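Engineer: Contents of data_32.txt (compact mmCIF, C-alpha atoms) are below:
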# COMPACT_ATOMS: atom_id res chain seq x y z
CA MET D 1 0.95 10.22 -0.27
CA ARG D 2 1.81 13.61 -1.70
CA LEU D 3 1.45 14.40 -5.40
CA LEU D 4 4.66 13.49 -7.14
CA PHE D 5 4.06 15.30 -10.41
CA THR D 6 2.80 18.89 -10.27
CA GLY D 7 3.07 21.80 -12.68
CA ASN D 8 5.05 22.04 -15.93
CA LEU D 9 2.48 20.09 -17.93
CA ILE D 10 3.93 21.39 -21.20
CA SER D 11 7.15 19.45 -20.81
CA LEU D 12 5.17 16.27 -20.17
CA PHE D 13 2.93 16.76 -23.18
CA VAL D 14 5.99 17.38 -25.38
CA LEU D 15 7.62 14.31 -23.96
CA SER D 16 4.53 12.18 -24.66
CA MET D 17 4.73 13.05 -28.36
CA PHE D 18 8.06 11.23 -28.62
CA LEU D 19 6.87 8.10 -26.85
CA CYS D 20 5.44 5.41 -29.11
CA ALA D 21 5.67 2.49 -26.72
CA PRO D 22 6.44 1.99 -23.03
CA VAL D 23 9.88 0.86 -22.05
CA THR D 24 9.79 -1.92 -19.48
CA MET D 25 11.43 -1.39 -16.14
CA PHE D 26 14.72 -3.01 -15.43
CA ALA D 27 15.67 -5.02 -12.39
CA ALA D 28 18.93 -4.51 -10.63
CA ARG D 29 20.81 -6.78 -8.35
CA ARG D 30 19.07 -9.48 -6.34
CA GLY D 31 19.82 -10.77 -2.89
CA GLN D 32 18.49 -13.33 -0.51
CA ILE D 33 17.65 -13.55 3.14
CA GLN D 34 20.49 -14.78 5.28
CA ASP D 35 21.06 -15.80 8.89
CA SER D 36 18.62 -13.54 10.76
CA VAL D 37 15.47 -15.21 9.43
CA SER D 38 14.08 -18.72 9.46
CA HIS D 39 13.36 -19.34 5.79
CA PRO D 40 15.70 -17.87 3.13
CA TRP D 41 13.13 -16.48 0.72
CA THR D 42 14.61 -15.89 -2.73
CA VAL D 43 13.37 -14.45 -6.02
CA VAL D 44 12.41 -17.07 -8.61
CA ARG D 45 11.25 -14.64 -11.28
CA GLU D 46 10.48 -10.95 -11.76
CA ASN D 47 7.83 -10.34 -14.39
CA GLN D 48 7.75 -7.12 -16.38
CA GLN D 49 5.31 -4.45 -15.33
CA LYS D 50 2.10 -4.16 -17.33
CA SER D 51 -0.79 -1.73 -17.73
CA PHE D 52 -4.38 -2.60 -18.62
CA SER D 53 -5.84 0.67 -19.84
CA HIS D 54 -8.92 -0.89 -21.47
CA THR D 55 -10.13 -2.55 -18.28
CA VAL D 56 -8.62 -0.38 -15.54
CA PRO D 57 -9.76 3.29 -15.62
CA ALA D 58 -7.23 5.94 -14.65
CA GLY D 59 -6.92 6.08 -10.89
CA ASN D 60 -4.85 6.78 -7.81
CA TYR D 61 -4.55 3.15 -6.73
CA SER D 62 -2.48 2.89 -3.58
CA GLY D 63 -3.22 -0.37 -1.76
CA ILE D 64 -4.34 -3.94 -2.45
CA THR D 65 -5.39 -7.10 -0.58
CA HIS D 66 -6.73 -10.48 -1.65
CA LEU D 67 -10.42 -11.12 -0.94
CA HIS D 68 -11.27 -14.49 -2.53
CA ASP D 69 -10.58 -16.51 -5.68
CA ASP D 70 -9.24 -14.01 -8.27
CA ILE D 71 -10.87 -10.97 -6.64
CA TYR D 72 -8.80 -8.29 -4.88
CA ALA D 73 -9.76 -5.13 -2.98
CA VAL D 74 -7.93 -1.99 -4.16
CA VAL D 75 -8.05 1.43 -2.47
CA SER D 76 -7.58 4.83 -4.12
CA ASP D 77 -6.05 7.71 -2.18
CA LYS D 78 -8.20 10.26 -4.03
CA SER D 79 -11.60 8.53 -3.96
CA ASP D 80 -14.45 10.28 -2.14
CA SER D 81 -16.95 7.61 -3.19
CA ALA D 82 -15.55 4.07 -2.79
CA LEU D 83 -14.03 2.43 0.28
CA PHE D 84 -12.36 0.02 -2.13
CA PHE D 85 -12.73 -1.22 -5.71
CA ASN D 86 -13.14 -4.87 -6.64
CA PHE D 87 -10.44 -5.99 -9.08
CA ARG D 88 -10.34 -9.29 -10.93
CA MET D 89 -6.79 -10.46 -11.64
CA ARG D 90 -6.00 -13.53 -13.71
CA ILE D 91 -2.48 -14.84 -13.17
CA ASN D 92 -0.63 -17.49 -15.17
CA SER D 93 -0.34 -20.59 -12.97
CA LEU D 94 3.11 -21.45 -14.35
CA THR D 95 4.91 -18.10 -14.57
CA GLY D 96 2.97 -15.93 -12.12
CA ASP D 97 2.63 -13.26 -14.80
CA LEU D 98 -0.50 -11.11 -14.93
CA GLU D 99 -2.74 -11.98 -17.87
CA THR D 100 -5.74 -9.71 -17.25
CA VAL D 101 -6.66 -7.06 -14.68
CA GLU D 102 -10.15 -5.56 -14.52
CA ASN D 103 -11.74 -2.95 -12.24
CA LEU D 104 -15.25 -4.26 -11.46
CA GLY D 105 -16.42 -1.19 -9.55
CA TYR D 106 -17.32 -0.88 -5.89
CA ASP D 107 -19.98 -2.10 -3.43
CA VAL D 108 -19.09 -0.10 -0.30
CA TYR D 109 -19.06 3.68 0.06
CA VAL D 110 -16.00 5.51 1.33
CA ASP D 111 -17.52 5.76 4.85
CA GLY D 112 -18.09 1.99 5.05
CA THR D 113 -21.80 2.04 4.16
CA ARG D 114 -23.11 -0.64 1.83
CA LYS D 115 -24.05 0.53 -1.66
CA LEU D 116 -27.61 -0.48 -2.57
CA PRO D 117 -29.28 -0.31 -6.02
CA GLY D 118 -31.68 2.60 -6.27
CA VAL D 119 -30.83 3.95 -2.81
CA SER D 120 -28.94 7.23 -2.66
CA HIS D 121 -26.34 7.89 0.00
CA GLU D 122 -24.55 11.11 0.80
CA VAL D 123 -21.11 10.83 2.36
CA GLY D 124 -20.54 13.68 4.80
CA GLU D 125 -16.90 13.15 5.73
CA ARG D 126 -14.19 13.75 3.13
CA GLY D 127 -10.42 13.69 2.80
CA PHE D 128 -9.80 10.09 3.85
CA ASP D 129 -6.74 9.57 1.61
CA TYR D 130 -6.85 5.78 1.84
CA GLU D 131 -3.35 4.39 1.34
CA ALA D 132 -3.44 0.73 2.39
CA ILE D 133 -5.89 -2.11 2.90
CA VAL D 134 -5.61 -5.63 4.32
CA LYS D 135 -8.09 -8.43 5.01
CA VAL D 136 -8.00 -9.53 8.67
CA SER D 137 -10.94 -11.97 8.83
CA ASP D 138 -13.60 -13.56 6.64
CA SER D 139 -15.87 -10.56 7.18
CA THR D 140 -13.63 -7.56 7.90
CA LEU D 141 -10.65 -5.63 6.61
CA VAL D 142 -8.54 -2.76 7.90
CA VAL D 143 -7.92 0.43 5.89
CA SER D 144 -5.25 3.05 6.53
CA SER D 145 -6.40 6.66 6.19
CA GLU D 146 -3.48 9.06 5.83
CA GLY D 147 -5.86 12.00 5.85
CA LYS D 148 -7.31 11.03 9.24
CA CYS D 149 -4.09 9.53 10.69
CA ARG D 150 -5.94 6.34 11.57
CA LEU D 151 -6.31 2.64 10.94
CA LYS D 152 -9.91 1.44 10.95
CA GLU D 153 -11.69 -1.89 10.57
CA TYR D 154 -14.65 -2.18 8.18
CA LEU D 155 -17.11 -4.86 7.13
CA ILE D 156 -16.20 -6.27 3.72
CA GLU D 157 -19.86 -6.26 2.73
CA GLY D 158 -20.40 -2.78 4.19
CA GLU D 159 -22.65 -1.44 6.91
CA ALA D 160 -26.39 -1.61 6.24
CA GLN D 161 -27.96 1.78 5.56
CA LEU D 162 -31.49 2.95 6.35
CA SER D 163 -33.72 4.14 3.55
CA ASP D 164 -35.14 7.67 3.71
CA VAL D 165 -38.57 6.30 4.68
CA GLU D 166 -37.16 4.20 7.50
CA ALA D 167 -35.17 7.14 8.79
CA GLN D 168 -38.34 9.26 8.99
CA LEU D 169 -40.35 6.57 10.79
CA SER D 170 -37.94 5.80 13.58
CA ASN D 171 -34.86 7.07 15.30
CA ARG D 172 -31.79 5.44 13.77
CA LYS D 173 -30.40 4.60 17.19
CA ASN D 174 -33.41 2.40 18.02
CA MET D 175 -33.34 0.61 14.68
CA LEU D 176 -29.78 -0.74 14.83
CA SER D 177 -29.72 -4.35 13.76
CA ASP D 178 -27.25 -6.91 15.04
CA GLU D 179 -25.14 -6.22 11.97
CA THR D 180 -24.89 -2.48 12.51
CA SER D 181 -24.33 -3.00 16.22
CA HIS D 182 -21.32 -5.09 15.25
CA VAL D 183 -20.02 -2.18 13.21
CA ARG D 184 -19.92 -0.04 16.35
CA SER D 185 -17.50 -2.49 17.97
CA LEU D 186 -15.10 -2.57 15.05
CA TRP D 187 -11.51 -1.58 15.84
CA GLU D 188 -9.98 1.84 15.28
CA TRP D 189 -6.54 3.31 16.06
CA THR D 190 -5.80 7.00 15.63
CA LYS D 191 -2.66 9.08 16.18
CA PRO D 192 -2.40 12.89 16.40
CA SER D 193 -1.35 14.57 13.15
CA SER D 194 1.29 16.49 15.10
CA ASP D 195 3.32 13.24 15.34
CA PHE D 196 4.02 13.30 11.61
CA TYR D 197 5.53 15.45 8.92
CA PRO D 198 2.98 16.44 6.21
CA ASN D 199 1.94 13.51 3.99
CA TYR D 200 4.23 11.11 5.84
CA VAL D 201 1.81 9.13 8.02
CA TYR D 202 0.96 5.40 8.03
CA GLU D 203 0.80 4.18 4.44
CA SER D 204 1.31 0.43 4.93
CA LEU D 205 -0.61 -2.57 6.29
CA ALA D 206 0.11 -6.28 6.51
CA PHE D 207 -1.65 -9.10 8.36
CA ASP D 208 0.20 -12.16 9.64
CA SER D 209 -2.50 -14.83 10.04
CA VAL D 210 0.01 -17.32 11.48
CA HIS D 211 0.88 -15.23 14.55
CA HIS D 212 -2.30 -13.09 14.54
CA ARG D 213 -0.40 -9.85 14.12
CA LEU D 214 -1.43 -6.70 12.24
CA TRP D 215 1.55 -4.61 11.12
CA THR D 216 1.94 -1.01 10.06
CA ILE D 217 4.92 1.33 9.67
CA SER D 218 5.37 5.07 9.43
CA GLU D 219 6.14 6.14 5.87
CA SER D 220 8.97 8.38 6.97
CA THR D 221 10.70 9.59 10.14
CA LEU D 222 8.39 10.70 12.95
CA ARG D 223 8.91 14.19 14.33
CA LYS D 224 10.19 12.78 17.63
CA ASP D 225 12.90 10.83 15.77
CA GLY D 226 14.40 13.56 13.57
CA GLU D 227 13.79 14.83 10.04
CA PRO D 228 12.83 13.07 6.79
CA ALA D 229 15.56 12.09 4.35
CA THR D 230 16.32 14.42 1.42
CA PRO D 231 19.01 14.43 -1.28
CA GLN D 232 20.64 17.34 0.54
CA ASN D 233 20.73 16.08 4.15
CA GLN D 234 21.60 12.47 3.15
CA VAL D 235 20.15 11.04 6.38
CA ALA D 236 18.58 7.60 6.67
CA ASN D 237 14.91 7.59 7.65
CA LYS D 238 14.23 6.10 11.08
CA LEU D 239 10.84 4.40 10.97
CA ARG D 240 8.61 2.74 13.56
CA LEU D 241 7.23 -0.73 12.76
CA VAL D 242 4.19 -1.36 14.97
CA GLY D 243 2.57 -4.75 15.57
CA PHE D 244 -0.93 -5.18 17.00
CA GLU D 245 -2.01 -8.42 18.68
CA TRP D 246 -5.06 -9.36 16.64
CA LYS D 247 -7.59 -11.21 18.78
CA PRO D 248 -10.31 -12.88 16.65
CA GLY D 249 -13.80 -11.81 17.66
CA SER D 250 -12.55 -8.90 19.78
CA SER D 251 -12.56 -5.16 19.19
CA GLN D 252 -9.49 -4.72 21.40
CA HIS D 253 -6.18 -5.24 19.60
CA PRO D 254 -3.36 -3.79 21.71
CA VAL D 255 0.09 -2.85 20.47
CA LYS D 256 2.19 -5.95 21.04
CA SER D 257 5.54 -4.83 19.66
CA GLU D 258 7.32 -1.87 18.13
CA PHE D 259 10.64 -1.91 16.30
CA VAL D 260 12.99 0.63 14.78
CA TYR D 261 13.42 0.17 11.02
CA MET D 262 16.25 2.05 9.31
CA MET D 263 15.93 2.82 5.62
CA ASP D 264 18.81 3.16 3.18
CA LYS D 265 20.15 6.66 2.55
CA PRO D 266 19.12 8.69 -0.53
CA SER D 267 20.83 7.54 -3.72
CA THR D 268 21.11 11.03 -5.21
CA ASP D 269 22.25 14.48 -4.08
CA LYS D 270 20.60 16.35 -6.95
CA VAL D 271 18.02 19.07 -6.38
CA ALA D 272 14.44 17.88 -6.92
CA GLN D 273 11.16 19.68 -7.37
CA THR D 274 9.54 16.76 -5.55
CA TYR D 275 11.34 14.10 -3.55
CA VAL D 276 9.69 11.27 -1.62
CA MET D 277 11.66 8.72 0.38
CA GLY D 278 9.83 6.21 2.55
CA VAL D 279 8.29 2.79 3.02
CA SER D 280 5.20 2.63 0.83
CA GLU D 281 3.95 -0.87 1.73
CA LEU D 282 4.31 -4.03 3.80
CA CYS D 283 3.28 -7.59 2.97
CA ALA D 284 3.20 -10.65 5.24
CA LEU D 285 4.70 -13.79 3.75
CA PRO D 286 3.08 -17.19 4.46
CA ASP D 287 5.47 -17.91 7.37
CA GLY D 288 4.98 -14.52 9.05
CA GLN D 289 8.07 -12.76 7.75
CA LEU D 290 7.45 -9.32 6.25
CA LEU D 291 8.27 -7.80 2.90
CA VAL D 292 9.14 -4.10 3.23
CA LEU D 293 8.93 -1.91 0.13
CA GLU D 294 11.35 1.02 0.31
CA ARG D 295 10.53 3.62 -2.33
CA GLU D 296 12.61 6.62 -3.45
CA ALA D 297 10.93 8.94 -5.98
CA PHE D 298 12.90 11.81 -7.52
CA ILE D 299 11.12 14.38 -9.72
CA PRO D 300 13.15 17.26 -11.25
CA LYS D 301 11.48 20.47 -12.38
CA ALA D 302 11.67 19.47 -16.04
CA LYS D 303 10.11 16.05 -15.23
CA VAL D 304 12.44 14.35 -17.72
CA GLY D 305 14.98 12.45 -15.65
CA ALA D 306 12.49 11.49 -12.95
CA PHE D 307 13.00 8.07 -11.41
CA CYS D 308 11.50 5.76 -8.83
CA HIS D 309 13.87 3.34 -7.13
CA CYS D 310 12.21 0.46 -5.26
CA LYS D 311 13.93 -1.97 -2.89
CA LEU D 312 12.19 -5.00 -1.46
CA TYR D 313 13.56 -6.15 1.90
CA VAL D 314 12.62 -9.05 4.17
CA VAL D 315 12.46 -8.73 7.96
CA ASP D 316 11.43 -11.21 10.65
CA PRO D 317 10.15 -9.27 13.69
CA ILE D 318 8.51 -12.32 15.28
CA ARG D 319 11.81 -14.18 15.59
CA CYS D 320 13.85 -11.20 16.71
CA ASP D 321 14.99 -11.17 20.33
CA SER D 322 12.44 -9.07 22.19
CA ALA D 323 15.02 -8.25 24.85
CA LEU D 324 17.22 -6.58 22.24
CA LEU D 325 14.46 -5.16 20.05
CA ASP D 326 12.16 -3.83 22.72
CA ARG D 327 10.07 -0.82 21.75
CA HIS D 328 11.75 1.20 24.51
CA THR D 329 15.21 0.78 23.00
CA SER D 330 16.86 2.09 19.85
CA ALA D 331 17.95 -1.33 18.52
CA VAL D 332 17.44 -1.70 14.78
CA LEU D 333 15.46 -4.50 13.13
CA PRO D 334 17.76 -6.51 10.80
CA LYS D 335 16.80 -6.52 7.11
CA ARG D 336 18.02 -8.37 4.03
CA LEU D 337 17.62 -7.25 0.43
CA LEU D 338 15.46 -9.52 -1.70
CA THR D 339 15.42 -7.52 -4.96
CA GLU D 340 15.37 -3.98 -6.33
CA TRP D 341 14.35 -2.22 -9.53
CA LYS D 342 14.26 1.27 -10.98
CA THR D 343 11.83 2.95 -13.37
CA SER D 344 12.21 6.33 -15.03
CA LEU D 345 10.83 9.05 -17.26
CA THR D 346 13.12 9.90 -20.18
CA ILE D 347 12.90 11.16 -23.74
CA PHE D 348 12.75 7.57 -24.95
CA GLY D 349 10.74 5.82 -22.25
CA ARG D 350 8.10 6.26 -19.60
CA SER D 351 8.39 3.26 -17.34
CA PHE D 352 8.13 5.50 -14.23
CA ALA D 353 6.06 3.65 -11.65
CA ASN D 354 5.48 4.77 -8.08
CA TYR D 355 4.69 1.43 -6.42
CA GLU D 356 2.47 1.85 -3.37
CA GLY D 357 0.41 -1.36 -3.11
CA MET D 358 1.54 -4.93 -2.48
CA CYS D 359 -0.09 -8.21 -1.45
CA LEU D 360 0.23 -11.96 -1.87
CA GLY D 361 -1.25 -13.55 -4.97
CA PRO D 362 -1.75 -17.28 -5.59
CA ARG D 363 0.64 -20.18 -5.15
CA LEU D 364 1.89 -21.51 -8.47
CA GLU D 365 1.91 -25.14 -9.56
CA ASP D 366 5.53 -25.54 -8.45
CA GLY D 367 4.69 -24.22 -4.96
CA SER D 368 6.30 -20.80 -5.38
CA GLN D 369 4.48 -17.68 -4.18
CA VAL D 370 3.30 -14.72 -6.29
CA VAL D 371 3.62 -11.18 -4.91
CA ILE D 372 1.48 -8.53 -6.63
CA LEU D 373 2.43 -4.84 -6.77
CA LEU D 374 0.54 -1.84 -8.13
CA ALA D 375 1.59 1.74 -8.81
CA ASP D 376 -0.16 5.06 -8.22
CA SER D 377 -0.27 6.92 -11.55
CA GLN D 378 -1.95 10.05 -10.12
CA ASP D 379 -4.90 9.46 -12.41
CA GLN D 380 -2.50 8.77 -15.32
CA TYR D 381 -0.99 12.22 -14.90
CA ALA D 382 -0.87 14.32 -18.10
CA GLY D 383 -1.47 11.21 -20.20
CA VAL D 384 2.13 10.12 -19.60
CA LEU D 385 2.02 8.03 -16.43
CA LYS D 386 0.27 4.63 -16.40
CA ASP D 387 -1.41 2.41 -13.83
CA TRP D 388 1.32 -0.21 -13.70
CA PHE D 389 1.03 -3.69 -12.22
CA LYS D 390 3.90 -6.09 -11.54
CA THR D 391 4.39 -9.56 -10.10
CA ILE D 392 7.41 -11.08 -8.40
CA VAL D 393 7.61 -14.83 -7.75
CA VAL D 394 9.39 -15.93 -4.58
CA ARG D 395 10.18 -19.23 -2.91
Let me see the file written as structure tokens.
Structural biologist:
Amino acid sequence: MRLLFTGNLISLFVLSMFLCAPVTMFAARRGQIQDSVSHPWTVVRENQQKSFSHTVPAGNYSGITHLHDDIYAVVSDKSDSALFFNFRMRINSLTGDLETVENLGYDVYVDGTRKLPGVSHEVGERGFDYEAIVKVSDSTLVVSSEGKCRLKEYLIEGEAQLSDVEAQLSNRKNMLSDETSHVRSLWEWTKPSSDFYPNYVYESLAFDSVHHRLWTISESTLRKDGEPATPQNQVANKLRLVGFEWKPGSSQHPVKSEFVYMMDKPSTDKVAQTYVMGVSELCALPDGQLLVLEREAFIPKAKVGAFCHCKLYVVDPIRCDSALLDRHTSAVLPKRLLTEWKTSLTIFGRSFANYEGMCLGPRLEDGSQVVILLADSQDQYAGVLKDWFKTIVVR
């Protein structure tokens, strides 16, 4: 995703002098799913956003997925070293609130090669811009690279690498083990960059384990469908939700369905230095329905007055009539608002949070479901932005 805050550092530094404590974000109206879906998911509780500066170094965290226990994989859209970072998140079993979040480092290089103690590894390819990550099996996950316009499957433990001595003794091709041979059959899906407007590629991933479907959606309108929304044109983004049939044990996962998803129109007509309107993440609920995170970020030249408006919708593509919502038609996928919230940058507060990552957390003791969200702080830009985390409890 493009940089939201650029230039005019002086105004941000001046602003930071007036800020003694963060102001928590506020939630706006809440809704619930109605007739078009099977289960009417509702919000039980929205917990305030939190930052954990002592245990989470400044980063560009943009995607998250659950691995096991209290360990989550988190990608950074600016990392040229790690495929993903291991995060430990402890969540209150009664309220779903985050108690601690800790970045434990990484075990897999950005190119998917396993990191080994004492063994150096040089990554040749750069500019991945990883935006989303999702676990699709016990041993693999899929990562979305905006920089390469592709979705690619990787081993969670990483691909084995040859030492320098081994590489000199034998041709790498003849030394492939069963494990590295498996890596060659891992899935990959790439689209031409000419299909997209700059920095508006595929930024979202979700995996529905019930129906074996991998989902992604374009962040904004594709070139073939029109132009991206701006405060001045006041158009609604027309997005493409794509579902892949995920066949366990296979490297072939064909496109099974494609739907049109219409975003809400811009909420402002003011002139911005930077304006970003798009879907920043998807998340599959336990029954296969999808959470869709619509994100509108408005940054004026002075920075003060910036806001990020997030809306969380629920859609049910599996249950929609395929005859009406065929990928060759222009029918629109129904959506229902679950909740929305807005954060901002003002003289008195700096709650601004550009939420880009979302995944399921644990079930609570009462059976309700935790949803975890994380924000991209652009490396805690100018010492003003923070790496925010938030949980929402649904049932």
Engineer: Using all atoms listed in the file, which residues sit within 6 Å of Ala297 (chain D) once same-chain residues fewer than 5 positions away are excluded, as a PyMOL selection string?
Structural biologist: chain D and resi 275-276+307-308
Engineer: Between CA of Asp70 (chain D) and CA of Ser145 (chain D), measure the distance and give it in Å to one decimal.
Structural biologist: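 Atom-to-atom, CA of Asp70 (chain D) and CA of Ser145 (chain D) are spaced 25.4 Å apart.
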Engineer: Could you check which of D:Leu345, D:Met89, D:Leu83, D:Val384 is closest to Asp69 (chain D), using all atoms listed in the file?
Structural biologist: D:Met89
Engineer: For a test of reading the model, state the distance in Å between CA of Trp388 (chain D) and CA of Asp269 (chain D), rounded to one decimal.
Structural biologist: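 Result for CA of Trp388 (chain D) versus CA of Asp269 (chain D): 27.3 Å, one decimal.
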Engineer: Mind checking which residues fall within 6 Å of region 73-77 of chain D, counting all atoms listed in the file, ignoring those fewer than 6 positions away in the same chain, and posting them as a list in words?
Structural biologist: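 So the residues in contact are Asn60, Tyr61, Ser62, Gly63, Ile64, Thr65, Phe84, Phe85, Asn86, Asp129, Tyr130 and Glu131 of chain D.
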Engineer: Hey, which of D:Ile347, D:Val136, D:Ala302, D:Leu116 ends up closest to Lys247 (chain D)? Count all atoms listed in the file.
Structural biologist: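 Among the listed residues, the smallest separation from Lys247 (chain D) belongs to D:Val136.
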Engineer: Would you work out the distance separating CA of Asn233 (chain D) from CA of Lys265 (chain D), expressed in Å to one decimal?
Structural biologist: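 Taking CA of Asn233 (chain D) as the start and CA of Lys265 (chain D) as the end point, the length is 9.6 Å.
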Engineer: I'd like to know which of D:Glu219, D:Asp287, D:Glu188, D:Glu153 is closest to Trp41 (chain D), using all atoms listed in the file.
Structural biologist: D:Asp287
Engineer: Rank nothing, just name the residue among D:Gly305, D:Pro198, D:Pro334, D:Gly105 nearest to Met263 (chain D), using only C-alpha atoms.
Structural biologist: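 Nearest to Met263 (chain D): D:Pro334.
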Engineer: Rank D:Gln252, D:Thr42, D:Gly226, D:Gly59 by their smallest atom-to-atom distance to Arg336 (chain D), using all atoms listed in the file, and report the top residue only.
Structural biologist: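 Using all atoms listed in the file, Arg336 (chain D) sits closest to D:Thr42.
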Engineer: Complete the atom set of region 358-373 of chain D to N, CA and C atoms and return it as a JSON list (two decimals), in the frame of the given file.
Structural biologist:
[["chain", "number", "residue", "atom", "x", "y", "z"],
["D", 358, "MET", "N", 0.89, -3.62, -2.37],
["D", 358, "MET", "CA", 1.54, -4.93, -2.48],
["D", 358, "MET", "C", 0.76, -5.94, -1.65],
["D", 359, "CYS", "N", 0.56, -7.14, -2.19],
["D", 359, "CYS", "CA", -0.09, -8.21, -1.45],
["D", 359, "CYS", "C", 0.31, -9.55, -2.04],
["D", 360, "LEU", "N", -0.03, -10.63, -1.35],
["D", 360, "LEU", "CA", 0.23, -11.96, -1.87],
["D", 360, "LEU", "C", -0.81, -12.32, -2.92],
["D", 361, "GLY", "N", -0.35, -12.99, -3.98],
["D", 361, "GLY", "CA", -1.25, -13.55, -4.97],
["D", 361, "GLY", "C", -1.35, -15.05, -4.73],
["D", 362, "PRO", "N", -1.60, -15.84, -5.76],
["D", 362, "PRO", "CA", -1.75, -17.28, -5.59],
["D", 362, "PRO", "C", -0.42, -18.02, -5.50],
["D", 363, "ARG", "N", -0.49, -19.26, -5.05],
["D", 363, "ARG", "CA", 0.64, -20.18, -5.15],
["D", 363, "ARG", "C", 0.62, -20.77, -6.56],
["D", 364, "LEU", "N", 1.80, -20.94, -7.14],
["D", 364, "LEU", "CA", 1.89, -21.51, -8.47],
["D", 364, "LEU", "C", 1.97, -23.04, -8.38],
["D", 365, "GLU", "N", 1.92, -23.68, -9.53],
["D", 365, "GLU", "CA", 1.91, -25.14, -9.56],
["D", 365, "GLU", "C", 3.16, -25.74, -8.96],
["D", 366, "ASP", "N", 4.29, -25.01, -9.01],
["D", 366, "ASP", "CA", 5.53, -25.54, -8.45],
["D", 366, "ASP", "C", 5.69, -25.19, -6.97],
["D", 367, "GLY", "N", 4.66, -24.56, -6.38],
["D", 367, "GLY", "CA", 4.69, -24.22, -4.96],
["D", 367, "GLY", "C", 5.23, -22.85, -4.64],
["D", 368, "SER", "N", 5.78, -22.14, -5.63],
["D", 368, "SER", "CA", 6.30, -20.80, -5.38],
["D", 368, "SER", "C", 5.16, -19.81, -5.18],
["D", 369, "GLN", "N", 5.48, -18.66, -4.60],
["D", 369, "GLN", "CA", 4.48, -17.68, -4.18],
["D", 369, "GLN", "C", 4.55, -16.42, -5.04],
["D", 370, "VAL", "N", 3.38, -15.96, -5.51],
["D", 370, "VAL", "CA", 3.30, -14.72, -6.29],
["D", 370, "VAL", "C", 3.08, -13.53, -5.35],
["D", 371, "VAL", "N", 3.82, -12.45, -5.59],
["D", 371, "VAL", "CA", 3.62, -11.18, -4.91],
["D", 371, "VAL", "C", 3.17, -10.17, -5.96],
["D", 372, "ILE", "N", 2.05, -9.50, -5.69],
["D", 372, "ILE", "CA", 1.48, -8.53, -6.63],
["D", 372, "ILE", "C", 1.77, -7.11, -6.16],
["D", 373, "LEU", "N", 2.19, -6.25, -7.09],
["D", 373, "LEU", "CA", 2.43, -4.84, -6.77],
["D", 373, "LEU", "C", 1.66, -3.96, -7.75]]
